[in-house]
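Coordinates from run36.cif are shown below (mmCIF, C-alpha atoms).
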```
data_target
loop_
_atom_site.label_atom_id
_atom_site.label_comp_id
_atom_site.auth_asym_id
_atom_site.auth_seq_id
_atom_site.Cartn_x
_atom_site.Cartn_y
_atom_site.Cartn_z
CA MET A 1 -43.19 49.34 37.48
CA LYS A 2 -40.98 46.43 36.41
CA ASP A 3 -41.57 44.61 39.68
CA ARG A 4 -45.32 45.06 39.29
CA ARG A 5 -45.28 43.62 35.77
CA GLU A 6 -43.21 40.64 36.86
CA ARG A 7 -45.59 39.96 39.74
CA LEU A 8 -48.46 40.17 37.26
CA VAL A 9 -46.76 37.62 34.99
CA ALA A 10 -46.22 35.27 37.93
CA ALA A 11 -49.86 35.76 38.97
CA CYS A 12 -51.05 34.82 35.47
CA PHE A 13 -49.01 31.62 35.55
CA GLY A 14 -50.38 30.91 39.02
CA VAL A 15 -53.95 31.29 37.75
CA THR A 16 -53.12 28.85 34.94
CA ALA A 17 -51.83 26.30 37.44
CA VAL A 18 -54.86 26.65 39.74
CA ALA A 19 -57.35 26.44 36.84
CA ALA A 20 -55.61 23.40 35.36
CA LEU A 21 -55.58 21.58 38.70
CA GLY A 22 -59.23 22.52 39.19
CA LEU A 23 -59.98 21.01 35.79
CA ALA A 24 -58.25 17.79 36.82
CA VAL A 25 -60.26 17.63 40.06
CA VAL A 26 -63.58 18.23 38.28
CA TYR A 27 -62.76 15.58 35.68
CA TRP A 28 -61.71 13.06 38.34
CA ASN A 29 -65.00 13.55 40.19
CA GLY A 30 -67.13 12.66 37.20
CA GLY A 31 -66.80 15.73 35.02
CA GLN A 32 -69.05 18.65 34.20
CA PRO A 33 -68.56 19.83 30.59
CA GLN A 34 -69.52 23.47 31.13
CA LEU A 35 -67.28 23.91 34.16
CA GLU A 36 -64.44 22.05 32.47
CA GLY A 37 -64.72 24.40 29.48
CA VAL A 38 -64.61 27.48 31.72
CA LEU A 39 -61.56 26.23 33.64
CA LEU A 40 -59.76 25.28 30.45
CA GLY A 41 -60.49 28.71 28.96
CA ILE A 42 -59.21 30.47 32.08
CA ALA A 43 -56.04 28.34 32.11
CA PHE A 44 -55.14 29.07 28.50
CA ALA A 45 -56.16 32.74 28.68
CA ALA A 46 -54.03 33.35 31.76
CA MET A 47 -51.13 31.49 30.17
CA ALA A 48 -51.44 33.59 27.01
CA ILE A 49 -51.54 36.88 28.96
CA GLY A 50 -48.54 35.87 31.04
CA VAL A 51 -46.48 34.90 27.99
CA VAL A 52 -47.35 38.16 26.21
CA LEU A 53 -46.38 40.25 29.24
CA LEU A 54 -43.22 38.24 29.64
CA ALA A 55 -42.32 38.78 26.00
CA GLU A 56 -42.91 42.52 26.26
CA ARG A 57 -40.72 42.70 29.33
CA PHE A 58 -37.76 40.61 28.21
CA LEU A 59 -38.04 40.47 24.41
CA PRO A 60 -38.12 44.02 23.02
CA GLY A 61 -39.11 44.21 19.37
CA THR A 62 -36.08 46.29 18.29
CA GLY A 63 -32.54 46.69 19.47
CA GLN A 64 -31.93 49.58 21.82
CA VAL A 65 -28.69 51.29 22.69
CA GLU A 66 -28.38 53.55 25.69
CA ALA A 67 -25.62 56.15 25.65
CA ARG A 68 -23.69 56.12 28.88
CA HIS A 69 -20.38 57.21 30.25
CA PRO A 70 -17.76 54.66 31.19
CA LEU A 71 -18.81 52.86 34.34
CA ASP A 72 -16.42 52.37 37.14
CA SER A 73 -16.74 52.03 40.85
CA PRO A 74 -14.45 51.57 43.80
CA GLU A 75 -13.47 48.04 44.72
CA LEU A 76 -15.37 48.23 48.00
CA VAL A 77 -18.59 49.07 46.13
CA ASP A 78 -18.07 46.15 43.75
CA GLU A 79 -17.63 43.78 46.67
CA ALA A 80 -20.75 45.10 48.38
CA VAL A 81 -22.83 44.60 45.23
CA GLU A 82 -21.52 41.07 44.77
CA SER A 83 -22.33 40.21 48.37
CA GLN A 84 -25.88 41.45 47.93
CA LEU A 85 -26.35 39.44 44.77
CA ALA A 86 -25.10 36.35 46.51
CA VAL A 87 -27.80 36.52 49.20
CA PRO A 88 -30.12 33.50 48.74
CA GLY A 89 -33.77 34.21 48.18
CA LEU A 90 -36.57 34.20 45.63
CA THR A 91 -35.20 36.34 42.83
CA ARG A 92 -37.42 37.73 40.12
CA ARG A 93 -36.04 35.28 37.58
CA ARG A 94 -36.60 32.38 39.92
CA LEU A 95 -40.12 33.59 40.65
CA LEU A 96 -40.99 33.74 36.94
CA THR A 97 -39.39 30.42 36.02
CA ARG A 98 -41.00 28.60 38.95
CA SER A 99 -44.45 30.02 38.27
CA LEU A 100 -44.15 29.18 34.56
CA GLY A 101 -42.97 25.68 35.42
CA ALA A 102 -45.88 25.16 37.82
CA ALA A 103 -48.33 26.31 35.15
CA LEU A 104 -46.90 23.93 32.54
CA VAL A 105 -46.85 20.99 34.97
CA ALA A 106 -50.45 21.63 36.00
CA LEU A 107 -51.55 21.81 32.36
CA GLY A 108 -49.74 18.54 31.70
CA VAL A 109 -51.49 16.87 34.62
CA ALA A 110 -54.88 18.12 33.43
CA ALA A 111 -54.16 16.91 29.89
CA ALA A 112 -53.15 13.47 31.14
CA PHE A 113 -56.35 12.83 33.07
CA PRO A 114 -58.59 12.13 30.02
CA ILE A 115 -56.35 9.17 29.17
CA ARG A 116 -58.31 7.13 31.70
CA SER A 117 -61.42 7.63 29.56
CA LEU A 118 -59.89 5.54 26.79
CA GLY A 119 -60.84 2.40 28.70
CA PRO A 120 -58.93 -0.88 28.83
CA ARG A 121 -56.41 -1.86 26.19
CA PRO A 122 -58.13 -3.59 23.25
CA GLY A 123 -55.54 -6.35 23.16
CA LYS A 124 -56.29 -8.81 20.35
CA SER A 125 -60.01 -7.99 20.23
CA LEU A 126 -59.52 -6.05 16.97
CA VAL A 127 -58.12 -9.09 15.16
CA GLN A 128 -59.93 -11.97 16.92
CA THR A 129 -63.62 -12.83 17.03
CA SER A 130 -65.75 -15.19 19.11
CA TRP A 131 -65.03 -18.11 16.78
CA ARG A 132 -62.77 -20.76 18.31
CA PRO A 133 -61.79 -24.31 17.31
CA ARG A 134 -64.85 -26.57 17.80
CA SER A 135 -67.27 -23.63 18.15
CA ARG A 136 -70.64 -25.02 17.09
CA VAL A 137 -72.45 -23.18 14.30
CA VAL A 138 -75.89 -21.91 15.35
CA THR A 139 -78.64 -19.84 13.74
CA THR A 140 -79.83 -16.45 14.99
CA ASP A 141 -82.28 -18.22 17.33
CA GLY A 142 -79.53 -20.37 18.83
CA ARG A 143 -80.38 -23.61 17.01
CA VAL A 144 -77.42 -25.80 16.08
CA VAL A 145 -77.00 -26.08 12.30
CA ARG A 146 -76.86 -29.54 10.72
CA ALA A 147 -74.94 -29.99 7.48
CA ASP A 148 -77.88 -31.60 5.68
CA GLU A 149 -80.21 -28.67 6.52
CA VAL A 150 -78.46 -26.13 4.27
CA PRO A 151 -79.94 -26.43 0.74
CA LEU A 152 -77.90 -26.14 -2.42
CA GLY A 153 -77.82 -22.46 -3.40
CA GLY A 154 -79.15 -21.41 0.01
CA LEU A 155 -77.77 -18.87 2.46
CA VAL A 156 -78.03 -18.84 6.26
CA THR A 157 -76.74 -16.24 8.71
CA VAL A 158 -75.00 -18.05 11.57
CA TYR A 159 -72.98 -17.34 14.72
CA PRO A 160 -70.76 -19.28 17.11
CA GLU A 161 -72.68 -20.91 19.91
CA GLY A 162 -72.80 -18.58 22.91
CA ALA A 163 -72.13 -15.45 20.85
CA VAL A 164 -75.34 -14.94 18.89
CA GLY A 165 -75.67 -11.31 17.82
CA VAL A 166 -71.97 -10.43 18.20
CA ALA A 167 -71.32 -8.14 15.23
CA ASP A 168 -67.83 -9.24 14.28
CA SER A 169 -68.74 -12.94 14.47
CA GLN A 170 -71.70 -13.01 12.08
CA VAL A 171 -71.24 -15.36 9.13
CA VAL A 172 -73.00 -16.14 5.87
CA LEU A 173 -73.15 -19.89 5.26
CA MET A 174 -73.88 -21.28 1.77
CA ARG A 175 -73.83 -24.61 0.00
CA VAL A 176 -72.38 -24.87 -3.52
CA GLU A 177 -71.34 -27.77 -5.73
CA PRO A 178 -68.00 -28.92 -4.26
CA THR A 179 -66.52 -29.43 -7.72
CA LEU A 180 -66.99 -25.73 -8.53
CA LEU A 181 -64.92 -24.48 -5.63
CA ARG A 182 -61.45 -23.05 -6.26
CA PRO A 183 -60.04 -23.08 -2.72
CA LEU A 184 -57.02 -20.98 -1.89
CA ALA A 185 -53.82 -22.68 -0.84
CA GLY A 186 -54.17 -24.14 2.62
CA ARG A 187 -57.97 -24.01 2.57
CA GLU A 188 -58.66 -27.21 0.69
CA ASP A 189 -60.65 -28.73 3.59
CA TRP A 190 -62.39 -25.55 4.80
CA ALA A 191 -65.66 -26.17 2.92
CA PRO A 192 -66.74 -29.77 3.58
CA GLY A 193 -69.55 -30.97 1.35
CA GLY A 194 -69.62 -27.61 -0.44
CA LEU A 195 -70.58 -25.78 2.75
CA ILE A 196 -68.62 -22.54 2.70
CA ALA A 197 -68.72 -19.65 5.16
CA TYR A 198 -67.52 -16.06 5.01
CA SER A 199 -67.70 -13.06 7.31
CA LYS A 200 -70.90 -11.09 6.83
CA VAL A 201 -69.07 -7.79 7.43
CA CYS A 202 -68.15 -6.07 4.16
CA THR A 203 -64.48 -5.21 3.75
CA HIS A 204 -65.37 -1.82 2.27
CA ALA A 205 -67.38 0.02 4.93
CA GLY A 206 -68.53 -2.70 7.32
CA CYS A 207 -72.08 -3.11 5.99
CA PRO A 208 -73.74 -6.54 6.24
CA VAL A 209 -73.27 -8.70 3.14
CA GLY A 210 -76.63 -10.45 3.16
CA LEU A 211 -77.54 -11.11 -0.48
CA TYR A 212 -76.50 -14.22 -2.41
CA GLU A 213 -76.94 -14.67 -6.14
CA ALA A 214 -76.82 -18.44 -6.55
CA GLN A 215 -76.56 -18.47 -10.36
CA THR A 216 -73.37 -16.38 -10.42
CA HIS A 217 -72.20 -17.55 -6.99
CA GLN A 218 -71.71 -13.98 -5.81
CA LEU A 219 -72.29 -12.38 -2.43
CA LEU A 220 -73.65 -8.84 -2.70
CA CYS A 221 -73.37 -5.89 -0.33
CA PRO A 222 -76.47 -3.69 -0.67
CA CYS A 223 -74.79 -0.58 0.74
CA HIS A 224 -72.32 0.16 -2.06
CA GLN A 225 -72.96 -2.73 -4.46
CA SER A 226 -69.73 -4.62 -3.86
CA ALA A 227 -69.80 -8.20 -5.16
CA PHE A 228 -67.65 -11.14 -4.00
CA ASP A 229 -66.95 -14.44 -5.78
CA VAL A 230 -67.94 -17.23 -3.38
CA LEU A 231 -66.10 -19.88 -5.39
CA ASP A 232 -62.80 -17.99 -5.39
CA GLY A 233 -62.17 -17.07 -1.76
CA ALA A 234 -64.79 -14.27 -1.77
CA ARG A 235 -62.54 -12.15 -3.99
CA PRO A 236 -64.17 -8.76 -4.83
CA VAL A 237 -65.29 -8.68 -8.46
CA PHE A 238 -67.34 -5.47 -8.48
CA GLY A 239 -67.79 -2.30 -6.46
CA PRO A 240 -65.50 -0.36 -4.11
CA ALA A 241 -64.44 -3.25 -1.87
CA ALA A 242 -60.73 -3.96 -2.35
CA ALA A 243 -60.24 -7.01 -0.11
CA GLU A 244 -61.83 -10.45 0.00
CA LEU A 245 -64.20 -11.47 2.77
CA PRO A 246 -62.46 -13.45 5.53
CA GLN A 247 -63.31 -17.15 5.33
CA LEU A 248 -64.30 -19.33 8.29
CA PRO A 249 -62.94 -22.90 8.30
CA LEU A 250 -65.67 -25.50 8.84
CA ALA A 251 -65.92 -29.18 9.68
CA ILE A 252 -68.80 -31.65 9.92
CA THR A 253 -68.93 -33.54 13.22
CA ALA A 254 -69.81 -37.20 13.69
CA ASP A 255 -73.42 -36.31 14.51
CA GLY A 256 -73.79 -34.21 11.34
CA THR A 257 -73.63 -30.77 12.92
CA LEU A 258 -71.32 -27.97 11.80
CA GLU A 259 -68.46 -26.53 13.80
CA ALA A 260 -65.59 -24.15 13.16
CA THR A 261 -62.01 -25.36 13.23
CA GLY A 262 -60.63 -21.92 14.02
CA ASP A 263 -61.13 -18.18 13.59
CA PHE A 264 -61.44 -16.27 10.32
CA SER A 265 -58.63 -16.26 7.77
CA ALA A 266 -58.12 -12.49 8.26
CA PRO A 267 -59.27 -9.69 10.57
CA VAL A 268 -62.96 -8.83 10.12
CA GLY A 269 -64.20 -5.42 9.01
CA PRO A 270 -63.24 -2.64 6.61
CA ALA A 271 -59.87 -3.34 5.04
CA PHE A 272 -58.49 0.14 5.77
CA TRP A 273 -58.46 -0.70 9.50
CA HIS A 274 -55.90 -3.43 8.89
CA HIS A 275 -53.96 -2.37 5.79
CA THR A 276 -52.97 1.25 6.59
#
```
Here is the file; what I need is its structure written in the form of structure tokens.
Amino acid sequence: MKDRRERLVAACFGVTAVAALGLAVVYWNGGQPQLEGVLLGIAFAAMAIGVVLLAERFLPGTGQVEARHPLDSPELVDEAVESQLAVPGLTRRRLLTRSLGAALVALGVAAAFPIRSLGPRPGKSLVQTSWRPRSRVVTTDGRVVRADEVPLGGLVTVYPEGAVGVADSQVVLMRVEPTLLRPLAGREDWAPGGLIAYSKVCTHAGCPVGLYEAQTHQLLCPCHQSAFDVLDGARPVFGPAAAELPQLPLAITADGTLEATGDFSAPVGPAFWHHT
């Protein structure tokens, strides 16, 4: 009876190993969600049954004491027993430990396979955009922006040349009176002629900041009503946004067109991605 139960435990662990390896093979060959679910269910169910049977066999719930008379045997019998125990072979303990080990290894292999679905490492793509030094500023239709084309109090959505439509590189460009600007330290030359540019991606939830109130010099996010002070580094002055909009450094070229002198002052997007 004990041998039968131990073989059953080993069989359960074997089923777990086979099902887990089958799951890995199915996943490697392109995957099939229904079949993967069935194999995963079989693997865990067989593992659970095997562990329960193993616990019932070797981990009794209460202590048990068996009354017995003093045991003794002749020396020749002791030697015979020791010689039998020393015979190499697949003992029951070895059978159970090996089958359990195979089941755990197979489950580990199957669990490791989905890692390849994560794709390539993001590298610096989460903190860098398409803006580079000397990237020309263009409109949504690819037209290069000239400094004298942006009216006072106006707003234009722009991109770096060659990256029109890239979400993390969209910018709102405005012109304000240069004397009104209160540039942050190190940004004194970032807004030539009062032309100032900020990321269009709101630092609260990533919505597009596309409204500009020229009289108060505030950028507005229509999603959750956050407001940013254009004159003061796009500092949030209203709403749930807790971080300023990243600023893009600009320069006017010899032919009067606009170009960036580098990337944004901070990573683009919701602030909780970068401050947690």
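Counting all atoms listed in the file, the residue from A:His224, A:Arg132, A:His217, A:Lys200 that sits nearest to Ala163 of chain A is A:Arg132.
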Which residues, named as in the file, does the PyMOL selection byres ((chain A and resi 1-16) around 10) pick out? Answer as an NGL selection string. :A and (17-22 or 39-54 or 56-57 or 92-93 or 95-104 or 106-107)
Can I get the selected residues back with C-alpha atoms, as a short mmCIF file (atom, residue, chain, number, x, y, z; two decimals), keeping the file's coordinate frame?
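As written to disk, selection.cif reads:
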```cif
data_model
loop_
_atom_site.label_atom_id
_atom_site.label_comp_id
_atom_site.auth_asym_id
_atom_site.auth_seq_id
_atom_site.Cartn_x
_atom_site.Cartn_y
_atom_site.Cartn_z
CA ALA A 17 -51.83 26.30 37.44
CA VAL A 18 -54.86 26.65 39.74
CA ALA A 19 -57.35 26.44 36.84
CA ALA A 20 -55.61 23.40 35.36
CA LEU A 21 -55.58 21.58 38.70
CA GLY A 22 -59.23 22.52 39.19
CA LEU A 39 -61.56 26.23 33.64
CA LEU A 40 -59.76 25.28 30.45
CA GLY A 41 -60.49 28.71 28.96
CA ILE A 42 -59.21 30.47 32.08
CA ALA A 43 -56.04 28.34 32.11
CA PHE A 44 -55.14 29.07 28.50
CA ALA A 45 -56.16 32.74 28.68
CA ALA A 46 -54.03 33.35 31.76
CA MET A 47 -51.13 31.49 30.17
CA ALA A 48 -51.44 33.59 27.01
CA ILE A 49 -51.54 36.88 28.96
CA GLY A 50 -48.54 35.87 31.04
CA VAL A 51 -46.48 34.90 27.99
CA VAL A 52 -47.35 38.16 26.21
CA LEU A 53 -46.38 40.25 29.24
CA LEU A 54 -43.22 38.24 29.64
CA GLU A 56 -42.91 42.52 26.26
CA ARG A 57 -40.72 42.70 29.33
CA ARG A 92 -37.42 37.73 40.12
CA ARG A 93 -36.04 35.28 37.58
CA LEU A 95 -40.12 33.59 40.65
CA LEU A 96 -40.99 33.74 36.94
CA THR A 97 -39.39 30.42 36.02
CA ARG A 98 -41.00 28.60 38.95
CA SER A 99 -44.45 30.02 38.27
CA LEU A 100 -44.15 29.18 34.56
CA GLY A 101 -42.97 25.68 35.42
CA ALA A 102 -45.88 25.16 37.82
CA ALA A 103 -48.33 26.31 35.15
CA LEU A 104 -46.90 23.93 32.54
CA ALA A 106 -50.45 21.63 36.00
CA LEU A 107 -51.55 21.81 32.36
#
```
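Atom to atom, atom CA of Val156 of chain A and atom CA of Val172 of chain A stand 5.7 Å apart.
Proximity of A:Val166, A:Val127, A:Ala24, A:Gly269 to Ala111 of chain A, computed with all atoms listed in the file, is greatest for A:Ala24.
Each of A:Leu250, A:Cys202, A:Leu184, A:Val25 was checked against Pro160 of chain A using all atoms listed in the file; the smallest atom-to-atom distance is that of A:Leu250.
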Would you be able to write out as a ChimeraX atom specification which residues have an atom within 9 Å of (-68.6, -12.2, 14.7) in the file's coordinates, counting only C-alpha atoms? /A:128-131,159-160,163-171,199-201,268
Please expand the PyMOL selection byres ((chain A and resi 145) around 9) into the concrete residues it hits in this file, giving the result as a list in words. Arg136, Val137, Val138, Thr139, Arg143, Val144, Arg146, Ala147, Asp148, Glu149, Val150, Val158, Gly256, Thr257, Leu258 and Glu259 of chain A
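When atom CA of Ala185 of chain A is paired with atom CA of Val230 of chain A, their separation reads 15.3 Å.
For the file shown, the residue list from the PyMOL selection byres ((chain A and resi 196) around 7) reads Leu173, Met174, Arg175, Ala191, Gly194, Leu195, Ala197 and Tyr198 of chain A.
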Between atom CA of Arg235 of chain A and atom CA of Gly193 of chain A lies a distance of 20.8 Å
Closest of A:Val105, A:His204, A:Thr157, A:Pro270 to Asp141 of chain A - atom-to-atom distances counting all atoms listed in the file: A:Thr157
When you count all atoms listed in the file, which of these residues is closest to Tyr27 of chain A: A:Pro114, A:Pro208, A:Pro246, A:Pro236? A:Pro114
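Closest to Arg182 of chain A among A:Gly233, A:Gly262, A:Pro133, A:Pro151 is A:Gly233, based on only C-alpha atoms.
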At a cut-off of 7 Å, using all atoms listed in the file, what residues contact Phe264 of chain A? Leave out same-chain residues fewer than 3 positions from it and give the result as a ChimeraX atom specification. /A:246-248,267
